[in-house]
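Enquirer: The following block contains the structure, expressed as structure tokens.
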Amino acid sequence: FTSSAAGARVLGTTGPKKAKKAAATTGKSPRFYPADDVKRPLPSRKNNKQAPKIRSSITPGTVLILLAGRFRGKRVVCLKSLESGLLLVTGPYKVNGVPLRRVNQAYVIATSTQVDVSGVDVASFDDAYFARSSSGEGEGEEEFFEGDAAKPAIVSDQRKADQKKVDAAVLKAVDATPMMKGYLGAKFSLRKGDKPHKMVF
């Protein structure tokens, strides 16, 4: 440090900007701090657009057991994994009544049984295919109080045609394997004394 007699100026002292720069480079703490706390964005899952990793035991053609939903206990055939991380599965519908639908891998059990689905074309199915169509017409107050019964789901003709096309290809592979049709049609359940953690599926 050097000083001048006239202005009594001490070289080496720094202002706020230089102190901040020196703290970043030399590891010194800055002399001046902001009066208000600087808000930092909290970590959020909304900005995380990465699809979850699919388990190695789940591949196209793997027979899965559904654990939740209206079709719990049913065995389905996995066709592929979608960009959202959900799995595209089918019953087939003629065998156990499970249509083409998306399921979360957290609610399925992957079995060691495989079905050859290499001949099934599922390239046209994505997450947008299963998106619900938002109807612009909402229920009025009178319709809300009058109609207590739930409205039946309307399946489009395109969805029915796609179901028949996919099931026709899957059924060929199912019929080629002995007892596979009966296996997919049987419902999975646990009885008293069963230990699922020791079972081999």
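For the structure tokens, the naming scheme is as follows: chains receive sequential letters (A, B, ...) according to their order of presentation, residues are indexed from 1 within each chain, and ligands are indexed from 1 in presentation order.
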Show which residues sit within 12 Å of Arg159 in chain A, as a PyMOL selection string. Count only C-alpha atoms, and ignore same-chain residues fewer than 4 positions away.
Expert: chain A and resi 99-101+124-125+129-130+154-155+163-166
Enquirer: Enumerate as a ChimeraX atom specification all residues of range 50-194 of chain A assigned to strand (DSSP E) by DSSP on the backbone, naming them with the chain letters and numbers the document uses.
Expert: /A:62-66,75-81,87-90,101-103,108-114
Enquirer: Fewer than 6 positions away in the same chain doesn't count, so skip those; otherwise give me all residues within 10 Å of Gly61 in chain A, counting only C-alpha atoms, as a short mmCIF file (atom, residue, chain, number, x, y, z; two decimals) with N, CA, C and O atoms, in the first residue's frame.
Expert:
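And here is the file that came out, result-v1.cif:
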data_model
loop_
_atom_site.label_atom_id
_atom_site.label_comp_id
_atom_site.auth_asym_id
_atom_site.auth_seq_id
_atom_site.Cartn_x
_atom_site.Cartn_y
_atom_site.Cartn_z
N VAL A 76 -51.50 -57.51 -19.41
CA VAL A 76 -51.50 -56.78 -20.67
C VAL A 76 -50.15 -56.96 -21.35
O VAL A 76 -49.17 -57.38 -20.73
N VAL A 77 -50.11 -56.62 -22.63
CA VAL A 77 -48.89 -56.70 -23.42
C VAL A 77 -48.36 -55.29 -23.63
O VAL A 77 -49.09 -54.41 -24.10
N CYS A 78 -47.10 -55.06 -23.28
CA CYS A 78 -46.48 -53.76 -23.50
C CYS A 78 -46.07 -53.64 -24.96
O CYS A 78 -45.40 -54.52 -25.50
N LEU A 79 -46.47 -52.54 -25.59
CA LEU A 79 -46.16 -52.32 -27.00
C LEU A 79 -44.94 -51.42 -27.18
O LEU A 79 -44.09 -51.68 -28.02
N LYS A 80 -44.87 -50.34 -26.40
CA LYS A 80 -43.71 -49.45 -26.47
C LYS A 80 -43.82 -48.43 -25.34
O LYS A 80 -44.85 -48.34 -24.66
N VAL A 89 -49.96 -50.01 -23.74
CA VAL A 89 -50.28 -51.43 -23.54
C VAL A 89 -51.62 -51.74 -24.20
O VAL A 89 -52.42 -50.85 -24.48
N THR A 113 -42.52 -63.24 -19.04
CA THR A 113 -43.19 -63.73 -20.24
C THR A 113 -43.10 -62.69 -21.35
O THR A 113 -43.31 -61.49 -21.10
N GLN A 114 -42.81 -63.15 -22.54
CA GLN A 114 -42.65 -62.25 -23.68
C GLN A 114 -43.58 -62.67 -24.82
O GLN A 114 -43.87 -63.86 -25.01
N VAL A 115 -44.06 -61.67 -25.54
CA VAL A 115 -44.87 -61.87 -26.74
C VAL A 115 -44.17 -61.15 -27.89
O VAL A 115 -43.75 -60.00 -27.72
N ASP A 116 -44.06 -61.79 -29.02
CA ASP A 116 -43.38 -61.19 -30.17
C ASP A 116 -44.29 -60.14 -30.79
O ASP A 116 -45.29 -60.46 -31.42
N VAL A 117 -43.95 -58.86 -30.59
CA VAL A 117 -44.74 -57.75 -31.14
C VAL A 117 -43.97 -57.00 -32.22
O VAL A 117 -44.26 -55.84 -32.50
N SER A 118 -42.99 -57.68 -32.82
CA SER A 118 -42.20 -57.02 -33.87
C SER A 118 -43.05 -56.71 -35.10
O SER A 118 -42.73 -55.79 -35.86
N VAL A 120 -46.15 -55.64 -35.02
CA VAL A 120 -47.22 -54.70 -34.67
C VAL A 120 -46.75 -53.28 -34.96
O VAL A 120 -45.70 -52.85 -34.48
N VAL A 170 -51.42 -58.49 -32.67
CA VAL A 170 -50.99 -59.06 -31.40
C VAL A 170 -51.55 -60.47 -31.22
O VAL A 170 -50.87 -61.37 -30.72
N ALA A 173 -49.48 -63.30 -32.69
CA ALA A 173 -48.36 -63.72 -31.85
C ALA A 173 -48.85 -64.47 -30.63
O ALA A 173 -48.19 -65.41 -30.16
#
Enquirer: Of the candidates A:Leu42, A:Ile65, A:Val98, A:Ala168, which shows the shortest atom-to-atom distance to Phe188 in chain A, using only C-alpha atoms?
Expert: A:Ile65
Enquirer: May I have the residues within 10 Å of Tyr183 in chain A as number ranges by chain, using only C-alpha atoms and disregarding those fewer than 6 positions away in the same chain?
Expert: A: 63, 75, 95, 113, 174
Enquirer: As a PDB file with C-alpha atoms, in the first residue's frame, please: every residue in range 86-195 of chain A that DSSP puts in alpha helix (DSSP H).
Expert:
ATOM      1  CA  TYR A  93     -59.249 -56.249 -25.969  1.00  0.00           C
ATOM      2  CA  LYS A  94     -60.829 -59.475 -27.238  1.00  0.00           C
ATOM      3  CA  VAL A  95     -58.944 -61.528 -24.660  1.00  0.00           C
ATOM      4  CA  ASN A  96     -59.405 -59.611 -21.390  1.00  0.00           C
ATOM      5  CA  GLU A 141     -76.715 -24.846 -13.909  1.00  0.00           C
ATOM      6  CA  GLU A 142     -79.902 -26.730 -14.789  1.00  0.00           C
ATOM      7  CA  GLU A 143     -78.032 -29.579 -16.488  1.00  0.00           C
ATOM      8  CA  PHE A 144     -75.686 -29.813 -13.515  1.00  0.00           C
ATOM      9  CA  PHE A 145     -78.502 -30.444 -11.021  1.00  0.00           C
ATOM     10  CA  GLU A 146     -80.680 -32.569 -13.314  1.00  0.00           C
ATOM     11  CA  ASP A 157     -64.641 -44.867 -34.885  1.00  0.00           C
ATOM     12  CA  GLN A 158     -60.962 -44.120 -35.470  1.00  0.00           C
ATOM     13  CA  ARG A 159     -60.089 -45.451 -32.013  1.00  0.00           C
ATOM     14  CA  LYS A 160     -62.105 -48.614 -32.662  1.00  0.00           C
ATOM     15  CA  ALA A 161     -60.394 -49.169 -36.012  1.00  0.00           C
ATOM     16  CA  ASP A 162     -56.958 -48.700 -34.455  1.00  0.00           C
ATOM     17  CA  GLN A 163     -57.860 -51.151 -31.681  1.00  0.00           C
ATOM     18  CA  LYS A 164     -58.873 -53.832 -34.176  1.00  0.00           C
ATOM     19  CA  LYS A 165     -55.762 -53.291 -36.278  1.00  0.00           C
ATOM     20  CA  VAL A 166     -53.364 -53.581 -33.325  1.00  0.00           C
ATOM     21  CA  ASP A 167     -55.194 -56.494 -31.721  1.00  0.00           C
ATOM     22  CA  ALA A 168     -55.206 -58.446 -34.974  1.00  0.00           C
ATOM     23  CA  ALA A 169     -51.400 -58.305 -35.111  1.00  0.00           C
ATOM     24  CA  VAL A 170     -50.990 -59.060 -31.399  1.00  0.00           C
ATOM     25  CA  LEU A 171     -53.422 -61.989 -31.505  1.00  0.00           C
ATOM     26  CA  LYS A 172     -51.338 -63.659 -34.206  1.00  0.00           C
ATOM     27  CA  ALA A 173     -48.362 -63.721 -31.855  1.00  0.00           C
ATOM     28  CA  VAL A 174     -50.559 -64.770 -28.918  1.00  0.00           C
ATOM     29  CA  ASP A 175     -52.100 -67.686 -30.823  1.00  0.00           C
ATOM     30  CA  ALA A 176     -48.644 -68.842 -31.915  1.00  0.00           C
ATOM     31  CA  MET A 180     -50.717 -67.677 -23.911  1.00  0.00           C
ATOM     32  CA  LYS A 181     -54.323 -66.706 -24.586  1.00  0.00           C
ATOM     33  CA  GLY A 182     -55.504 -68.309 -21.367  1.00  0.00           C
ATOM     34  CA  TYR A 183     -52.620 -66.730 -19.448  1.00  0.00           C
ATOM     35  CA  LEU A 184     -53.553 -63.237 -20.603  1.00  0.00           C
ATOM     36  CA  GLY A 185     -57.222 -63.867 -19.867  1.00  0.00           C
TER      37      GLY A 185
END
Enquirer: What is the CA of His197 in chain A-CA of Ala110 in chain A distance in Å, reported with one decimal?
Expert: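 Value for the CA of His197 in chain A-CA of Ala110 in chain A distance: 13.3 Å.
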Enquirer: What is the CA of Ser112 in chain A to CA of Val200 in chain A distance in Å?
Expert: 8.4 Å
